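Printed here is entry-v5.cif (mmCIF, C-alpha atoms, pLDDT in the B column; chains and numbers go by the auth columns):
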data_upload
loop_
_atom_site.group_PDB
_atom_site.id
_atom_site.type_symbol
_atom_site.label_atom_id
_atom_site.label_comp_id
_atom_site.label_asym_id
_atom_site.label_seq_id
_atom_site.Cartn_x
_atom_site.Cartn_y
_atom_site.Cartn_z
_atom_site.B_iso_or_equiv
_atom_site.auth_seq_id
_atom_site.auth_asym_id
ATOM 1 C CA MET A 1 -20.368 6.274 76.568 56.00 1 A
ATOM 2 C CA THR A 2 -23.853 7.444 77.482 61.00 2 A
ATOM 3 C CA LYS A 3 -25.068 6.179 80.842 89.00 3 A
ATOM 4 C CA ASN A 4 -28.340 8.112 81.055 95.00 4 A
ATOM 5 C CA PHE A 5 -31.316 6.572 79.306 96.00 5 A
ATOM 6 C CA VAL A 6 -33.310 8.430 76.650 96.00 6 A
ATOM 7 C CA GLY A 7 -36.613 7.372 75.155 94.00 7 A
ATOM 8 C CA VAL A 8 -40.228 8.226 74.436 93.00 8 A
ATOM 9 C CA ILE A 9 -43.325 8.010 76.599 95.00 9 A
ATOM 10 C CA ILE A 10 -46.699 8.597 74.944 94.00 10 A
ATOM 11 C CA GLU A 11 -48.790 10.501 77.469 95.00 11 A
ATOM 12 C CA GLU A 12 -52.056 8.974 76.209 95.00 12 A
ATOM 13 C CA SER A 13 -50.693 5.498 76.992 94.00 13 A
ATOM 14 C CA LEU A 14 -50.653 6.254 80.714 96.00 14 A
ATOM 15 C CA GLU A 15 -53.483 5.609 83.145 95.00 15 A
ATOM 16 C CA LYS A 16 -51.421 7.271 85.867 93.00 16 A
ATOM 17 C CA LYS A 17 -49.350 10.219 84.660 95.00 17 A
ATOM 18 C CA ASP A 18 -47.326 10.696 87.904 94.00 18 A
ATOM 19 C CA VAL A 19 -44.416 8.838 86.311 94.00 19 A
ATOM 20 C CA LEU A 20 -43.854 11.845 84.014 95.00 20 A
ATOM 21 C CA LYS A 21 -42.817 13.866 87.087 94.00 21 A
ATOM 22 C CA LYS A 22 -39.958 11.405 87.692 93.00 22 A
ATOM 23 C CA VAL A 23 -38.253 11.969 84.330 95.00 23 A
ATOM 24 C CA LYS A 24 -36.695 14.948 82.586 96.00 24 A
ATOM 25 C CA ILE A 25 -38.798 15.845 79.534 97.00 25 A
ATOM 26 C CA LEU A 26 -36.428 16.972 76.771 97.00 26 A
ATOM 27 C CA LYS A 27 -39.091 17.745 74.167 97.00 27 A
ATOM 28 C CA THR A 28 -42.742 17.101 73.389 97.00 28 A
ATOM 29 C CA LYS A 29 -44.302 16.436 69.997 97.00 29 A
ATOM 30 C CA ILE A 30 -48.011 16.043 69.310 96.00 30 A
ATOM 31 C CA GLU A 31 -49.143 13.795 66.454 91.00 31 A
ATOM 32 C CA LYS A 32 -52.678 13.650 65.167 92.00 32 A
ATOM 33 C CA VAL A 33 -53.858 10.034 65.241 85.00 33 A
ATOM 34 C CA THR A 34 -54.284 8.433 61.824 82.00 34 A
ATOM 35 C CA GLU A 35 -55.550 4.991 60.874 82.00 35 A
ATOM 36 C CA LYS A 36 -51.931 3.779 60.822 79.00 36 A
ATOM 37 C CA HIS A 37 -51.577 4.455 64.583 75.00 37 A
ATOM 38 C CA LYS A 38 -54.283 1.820 65.332 77.00 38 A
ATOM 39 C CA THR A 39 -55.533 3.851 68.328 80.00 39 A
ATOM 40 C CA PRO A 40 -58.976 5.105 67.213 77.00 40 A
ATOM 41 C CA TRP A 41 -60.108 5.731 70.810 84.00 41 A
ATOM 42 C CA ILE A 42 -57.875 8.839 71.049 86.00 42 A
ATOM 43 C CA LYS A 43 -57.379 11.888 68.827 89.00 43 A
ATOM 44 C CA GLN A 44 -53.656 12.505 69.339 91.00 44 A
ATOM 45 C CA TRP A 45 -50.402 11.097 70.633 90.00 45 A
ATOM 46 C CA THR A 46 -48.380 13.363 72.913 95.00 46 A
ATOM 47 C CA LEU A 47 -44.850 12.014 72.585 94.00 47 A
ATOM 48 C CA HIS A 48 -42.489 13.065 75.365 96.00 48 A
ATOM 49 C CA THR A 49 -38.804 12.478 74.708 96.00 49 A
ATOM 50 C CA VAL A 50 -37.435 11.821 78.174 97.00 50 A
ATOM 51 C CA GLU A 51 -34.102 11.370 79.906 96.00 51 A
ATOM 52 C CA LEU A 52 -33.481 9.562 83.159 95.00 52 A
ATOM 53 C CA PRO A 53 -30.367 8.717 85.140 95.00 53 A
ATOM 54 C CA GLU A 54 -29.007 5.199 84.892 93.00 54 A
ATOM 55 C CA ASN A 55 -29.348 4.679 88.666 94.00 55 A
ATOM 56 C CA GLN A 56 -33.116 5.411 88.517 95.00 56 A
ATOM 57 C CA ALA A 57 -33.961 3.650 85.249 95.00 57 A
ATOM 58 C CA ASN A 58 -35.029 0.319 86.735 95.00 58 A
ATOM 59 C CA THR A 59 -37.290 1.906 89.365 96.00 59 A
ATOM 60 C CA ILE A 60 -38.883 4.244 86.826 96.00 60 A
ATOM 61 C CA ALA A 61 -39.349 1.361 84.368 96.00 61 A
ATOM 62 C CA LYS A 62 -41.247 -0.601 87.047 96.00 62 A
ATOM 63 C CA ASP A 63 -43.430 2.439 87.822 96.00 63 A
ATOM 64 C CA LEU A 64 -44.090 2.919 84.137 96.00 64 A
ATOM 65 C CA SER A 65 -45.091 -0.723 83.730 96.00 65 A
ATOM 66 C CA LYS A 66 -47.782 -0.229 86.395 96.00 66 A
ATOM 67 C CA SER A 67 -48.861 3.153 84.936 96.00 67 A
ATOM 68 C CA LEU A 68 -49.602 2.033 81.374 96.00 68 A
ATOM 69 C CA ASP A 69 -53.203 1.768 80.181 93.00 69 A
ATOM 70 C CA SER A 70 -54.838 -1.459 81.355 92.00 70 A
ATOM 71 C CA LYS A 71 -57.496 -1.440 78.606 92.00 71 A
ATOM 72 C CA HIS A 72 -55.236 -1.101 75.563 91.00 72 A
ATOM 73 C CA SER A 73 -51.781 -2.472 74.715 92.00 73 A
ATOM 74 C CA TRP A 74 -48.999 0.098 74.781 92.00 74 A
ATOM 75 C CA TYR A 75 -45.303 0.134 75.475 94.00 75 A
ATOM 76 C CA ALA A 76 -42.674 2.697 76.333 95.00 76 A
ATOM 77 C CA ASP A 77 -38.950 2.398 75.912 94.00 77 A
ATOM 78 C CA PHE A 78 -35.683 4.077 76.694 94.00 78 A
ATOM 79 C CA LYS A 79 -32.085 3.162 76.015 94.00 79 A
ATOM 80 C CA ASN A 80 -28.479 4.120 76.497 94.00 80 A
ATOM 81 C CA ASP A 81 -25.399 2.938 74.596 91.00 81 A
ATOM 82 C CA SER A 82 -25.465 -0.572 76.049 92.00 82 A
ATOM 83 C CA HIS A 83 -29.007 -1.393 77.228 94.00 83 A
ATOM 84 C CA HIS A 84 -32.612 -0.880 76.191 95.00 84 A
ATOM 85 C CA TYR A 85 -35.664 -1.006 78.450 96.00 85 A
ATOM 86 C CA ILE A 86 -38.862 -2.006 76.661 97.00 86 A
ATOM 87 C CA ILE A 87 -41.801 -1.713 79.011 97.00 87 A
ATOM 88 C CA PHE A 88 -45.304 -3.123 78.621 97.00 88 A
ATOM 89 C CA ARG A 89 -48.073 -3.170 81.213 96.00 89 A
ATOM 90 C CA ASP A 90 -46.885 -5.577 83.930 94.00 90 A
ATOM 91 C CA LYS A 91 -43.930 -6.820 81.840 96.00 91 A
ATOM 92 C CA MET A 92 -40.508 -5.347 81.288 96.00 92 A
ATOM 93 C CA PHE A 93 -37.566 -6.289 79.067 97.00 93 A
ATOM 94 C CA PHE A 94 -34.018 -5.158 79.898 97.00 94 A
ATOM 95 C CA ILE A 95 -32.133 -5.837 76.699 95.00 95 A
ATOM 96 C CA ASP A 96 -28.454 -6.028 75.872 93.00 96 A
ATOM 97 C CA ARG A 97 -28.409 -3.865 72.722 91.00 97 A
ATOM 98 C CA THR A 98 -26.151 -6.371 70.954 90.00 98 A
ATOM 99 C CA SER A 99 -28.676 -9.221 71.347 91.00 99 A
ATOM 100 C CA LYS A 100 -31.005 -9.726 68.397 90.00 100 A
ATOM 101 C CA LYS A 101 -32.545 -12.669 70.278 93.00 101 A
ATOM 102 C CA GLU A 102 -33.576 -10.478 73.235 94.00 102 A
ATOM 103 C CA TYR A 103 -35.017 -7.868 70.852 94.00 103 A
ATOM 104 C CA ASP A 104 -36.965 -10.578 69.026 93.00 104 A
ATOM 105 C CA GLU A 105 -38.479 -11.748 72.331 95.00 105 A
ATOM 106 C CA ALA A 106 -39.709 -8.214 73.131 96.00 106 A
ATOM 107 C CA LYS A 107 -41.019 -7.724 69.594 95.00 107 A
ATOM 108 C CA ASN A 108 -42.892 -11.042 69.629 95.00 108 A
ATOM 109 C CA TYR A 109 -44.390 -10.220 73.015 97.00 109 A
ATOM 110 C CA GLY A 110 -45.633 -6.854 71.712 95.00 110 A
ATOM 111 C CA ILE A 111 -47.155 -8.482 68.626 94.00 111 A
ATOM 112 C CA SER A 112 -48.861 -11.082 70.856 96.00 112 A
ATOM 113 C CA LEU A 113 -50.617 -8.178 72.618 95.00 113 A
ATOM 114 C CA GLY A 114 -51.962 -6.907 69.292 91.00 114 A
ATOM 115 C CA ILE A 115 -49.487 -4.059 68.818 90.00 115 A
ATOM 116 C CA PRO A 116 -48.793 -3.583 65.077 87.00 116 A
ATOM 117 C CA ALA A 117 -45.465 -5.131 64.041 87.00 117 A
ATOM 118 C CA TYR A 118 -44.113 -1.873 62.611 85.00 118 A
ATOM 119 C CA GLN A 119 -44.534 -0.241 66.054 87.00 119 A
ATOM 120 C CA VAL A 120 -42.434 -2.886 67.822 89.00 120 A
ATOM 121 C CA ASP A 121 -39.548 -2.957 65.361 84.00 121 A
ATOM 122 C CA PHE A 122 -37.027 -2.163 68.093 83.00 122 A
ATOM 123 C CA HIS A 123 -33.911 -3.207 66.251 73.00 123 A
ATOM 124 C CA PRO A 124 -33.072 -2.526 62.647 58.00 124 A
ATOM 125 C CA ASP A 125 -32.227 -5.622 60.635 54.00 125 A
ATOM 126 C CA ILE A 126 -28.942 -4.172 59.523 43.00 126 A
ATOM 127 C CA LYS A 127 -25.955 -5.758 57.872 42.00 127 A
ATOM 128 C CA GLY A 128 -23.322 -6.600 60.432 44.00 128 A
ATOM 129 C CA TRP A 129 -25.815 -6.899 63.302 43.00 129 A
ATOM 130 C CA LYS A 130 -23.860 -7.832 66.435 46.00 130 A
ATOM 131 C CA ARG A 131 -25.158 -11.012 68.065 39.00 131 A
#
Now that the file is in, can you turn its structure into structure tokens?
Amino acid sequence: MTKNFVGVIIEESLEKKDVLKKVKILKTKIEKVTEKHKTPWIKQWTLHTVELPENQANTIAKDLSKSLDSKHSWYADFKNDSHHYIIFRDKMFFIDRTSKKEYDEAKNYGISLGIPAYQVDFHPDIKGWKR
């Protein structure tokens, strides 16, 4: 059972990038922004796949929540086998990965901020979804 959390932080979503020094960057991928990204104010997304220890996840999630862009709506997330952090500016969800209800709350919050629905599809609507 994986205890460490793994997820993605988009560097361009951060006003303060210091939080990147607190995580282990496993890999980095750069995507050219297209119309589908809905972020015309930037030219690229720098996606850092990160890993962080379970005992630091909550602290780093709080730091990340304060570091996200205050002018545009973004989120970052990381998960392990049992839990999923979904972090928005000044709001954080700590989700039991078996709870569709908790995922729906995070998704609806993201949509309310103007984030495209396809970008906040945190849980697959799969057959046999555990509730």
Name the residues in contact with stretch 67-79 of chain A at a cut-off of 10 Å, using all atoms listed in the file, excluding same-chain residues fewer than 3 positions from it; report them as an mmCIF file with C-alpha atoms, keeping the file's coordinate frame.
data_model
loop_
_atom_site.group_PDB
_atom_site.id
_atom_site.type_symbol
_atom_site.label_atom_id
_atom_site.label_comp_id
_atom_site.auth_asym_id
_atom_site.auth_seq_id
_atom_site.Cartn_x
_atom_site.Cartn_y
_atom_site.Cartn_z
ATOM 1 C CA THR A 2 -23.853 7.444 77.482
ATOM 2 C CA LYS A 3 -25.068 6.179 80.842
ATOM 3 C CA ASN A 4 -28.340 8.112 81.055
ATOM 4 C CA PHE A 5 -31.316 6.572 79.306
ATOM 5 C CA VAL A 6 -33.310 8.430 76.650
ATOM 6 C CA GLY A 7 -36.613 7.372 75.155
ATOM 7 C CA VAL A 8 -40.228 8.226 74.436
ATOM 8 C CA ILE A 9 -43.325 8.010 76.599
ATOM 9 C CA ILE A 10 -46.699 8.597 74.944
ATOM 10 C CA GLU A 11 -48.790 10.501 77.469
ATOM 11 C CA GLU A 12 -52.056 8.974 76.209
ATOM 12 C CA SER A 13 -50.693 5.498 76.992
ATOM 13 C CA LEU A 14 -50.653 6.254 80.714
ATOM 14 C CA GLU A 15 -53.483 5.609 83.145
ATOM 15 C CA LYS A 16 -51.421 7.271 85.867
ATOM 16 C CA LYS A 17 -49.350 10.219 84.660
ATOM 17 C CA ASP A 18 -47.326 10.696 87.904
ATOM 18 C CA VAL A 19 -44.416 8.838 86.311
ATOM 19 C CA THR A 39 -55.533 3.851 68.328
ATOM 20 C CA TRP A 41 -60.108 5.731 70.810
ATOM 21 C CA THR A 49 -38.804 12.478 74.708
ATOM 22 C CA VAL A 50 -37.435 11.821 78.174
ATOM 23 C CA GLU A 51 -34.102 11.370 79.906
ATOM 24 C CA LEU A 52 -33.481 9.562 83.159
ATOM 25 C CA GLU A 54 -29.007 5.199 84.892
ATOM 26 C CA ALA A 57 -33.961 3.650 85.249
ATOM 27 C CA ALA A 61 -39.349 1.361 84.368
ATOM 28 C CA LYS A 62 -41.247 -0.601 87.047
ATOM 29 C CA ASP A 63 -43.430 2.439 87.822
ATOM 30 C CA LEU A 64 -44.090 2.919 84.137
ATOM 31 C CA SER A 82 -25.465 -0.572 76.049
ATOM 32 C CA HIS A 83 -29.007 -1.393 77.228
ATOM 33 C CA HIS A 84 -32.612 -0.880 76.191
ATOM 34 C CA TYR A 85 -35.664 -1.006 78.450
ATOM 35 C CA ILE A 86 -38.862 -2.006 76.661
ATOM 36 C CA ILE A 87 -41.801 -1.713 79.011
ATOM 37 C CA PHE A 88 -45.304 -3.123 78.621
ATOM 38 C CA ARG A 89 -48.073 -3.170 81.213
ATOM 39 C CA ASP A 90 -46.885 -5.577 83.930
ATOM 40 C CA LYS A 91 -43.930 -6.820 81.840
ATOM 41 C CA MET A 92 -40.508 -5.347 81.288
ATOM 42 C CA PHE A 93 -37.566 -6.289 79.067
ATOM 43 C CA PHE A 94 -34.018 -5.158 79.898
ATOM 44 C CA ILE A 95 -32.133 -5.837 76.699
ATOM 45 C CA ASP A 96 -28.454 -6.028 75.872
ATOM 46 C CA ARG A 97 -28.409 -3.865 72.722
ATOM 47 C CA GLY A 110 -45.633 -6.854 71.712
ATOM 48 C CA ILE A 111 -47.155 -8.482 68.626
ATOM 49 C CA SER A 112 -48.861 -11.082 70.856
ATOM 50 C CA LEU A 113 -50.617 -8.178 72.618
ATOM 51 C CA GLY A 114 -51.962 -6.907 69.292
ATOM 52 C CA ILE A 115 -49.487 -4.059 68.818
ATOM 53 C CA GLN A 119 -44.534 -0.241 66.054
ATOM 54 C CA VAL A 120 -42.434 -2.886 67.822
ATOM 55 C CA PHE A 122 -37.027 -2.163 68.093
#
### Task
Have a look at atom CA of A:Pro116 and atom CA of A:Lys36 and let me know their distance in Å, one decimal.
9.1 Å
### Task
Would you please work out which residue, of A:Leu26, A:Glu102, A:Lys38, A:Asn55, is nearest to A:Ala117 when using only C-alpha atoms?
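Closest to A:Ala117, using only C-alpha atoms: A:Lys38.
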### Message
So, with all atoms listed in the file as the atoms that count, which of A:His123, A:Asn80, A:Glu35, A:Leu20 lies closest to A:Lys107?
### Response
A:His123
### Message
Residues within 7 Å of A:Gln44, please, as a ChimeraX atom specification. Count all atoms listed in the file; anything in the same chain fewer than 6 positions from it doesn't count.
### Response
/A:30-33
C-alpha atoms of the current selection, written as an mmCIF file, keeping the file's coordinate frame:
data_model
loop_
_atom_site.group_PDB
_atom_site.id
_atom_site.type_symbol
_atom_site.label_atom_id
_atom_site.label_comp_id
_atom_site.auth_asym_id
_atom_site.auth_seq_id
_atom_site.Cartn_x
_atom_site.Cartn_y
_atom_site.Cartn_z
ATOM 1 C CA ILE A 30 -48.011 16.043 69.310
ATOM 2 C CA GLU A 31 -49.143 13.795 66.454
ATOM 3 C CA LYS A 32 -52.678 13.650 65.167
ATOM 4 C CA VAL A 33 -53.858 10.034 65.241
#
### Task
Enter the distance from atom CA of A:His48 to atom CA of A:Ala106, in Å, rounded to one decimal.
21.6 Å
### Query
Quick one: distance from atom CA of A:Lys66 to atom CA of A:Lys22 in Å, one decimal?
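If I compute the distance from atom CA of A:Lys66 to atom CA of A:Lys22, I get 14.1 Å.
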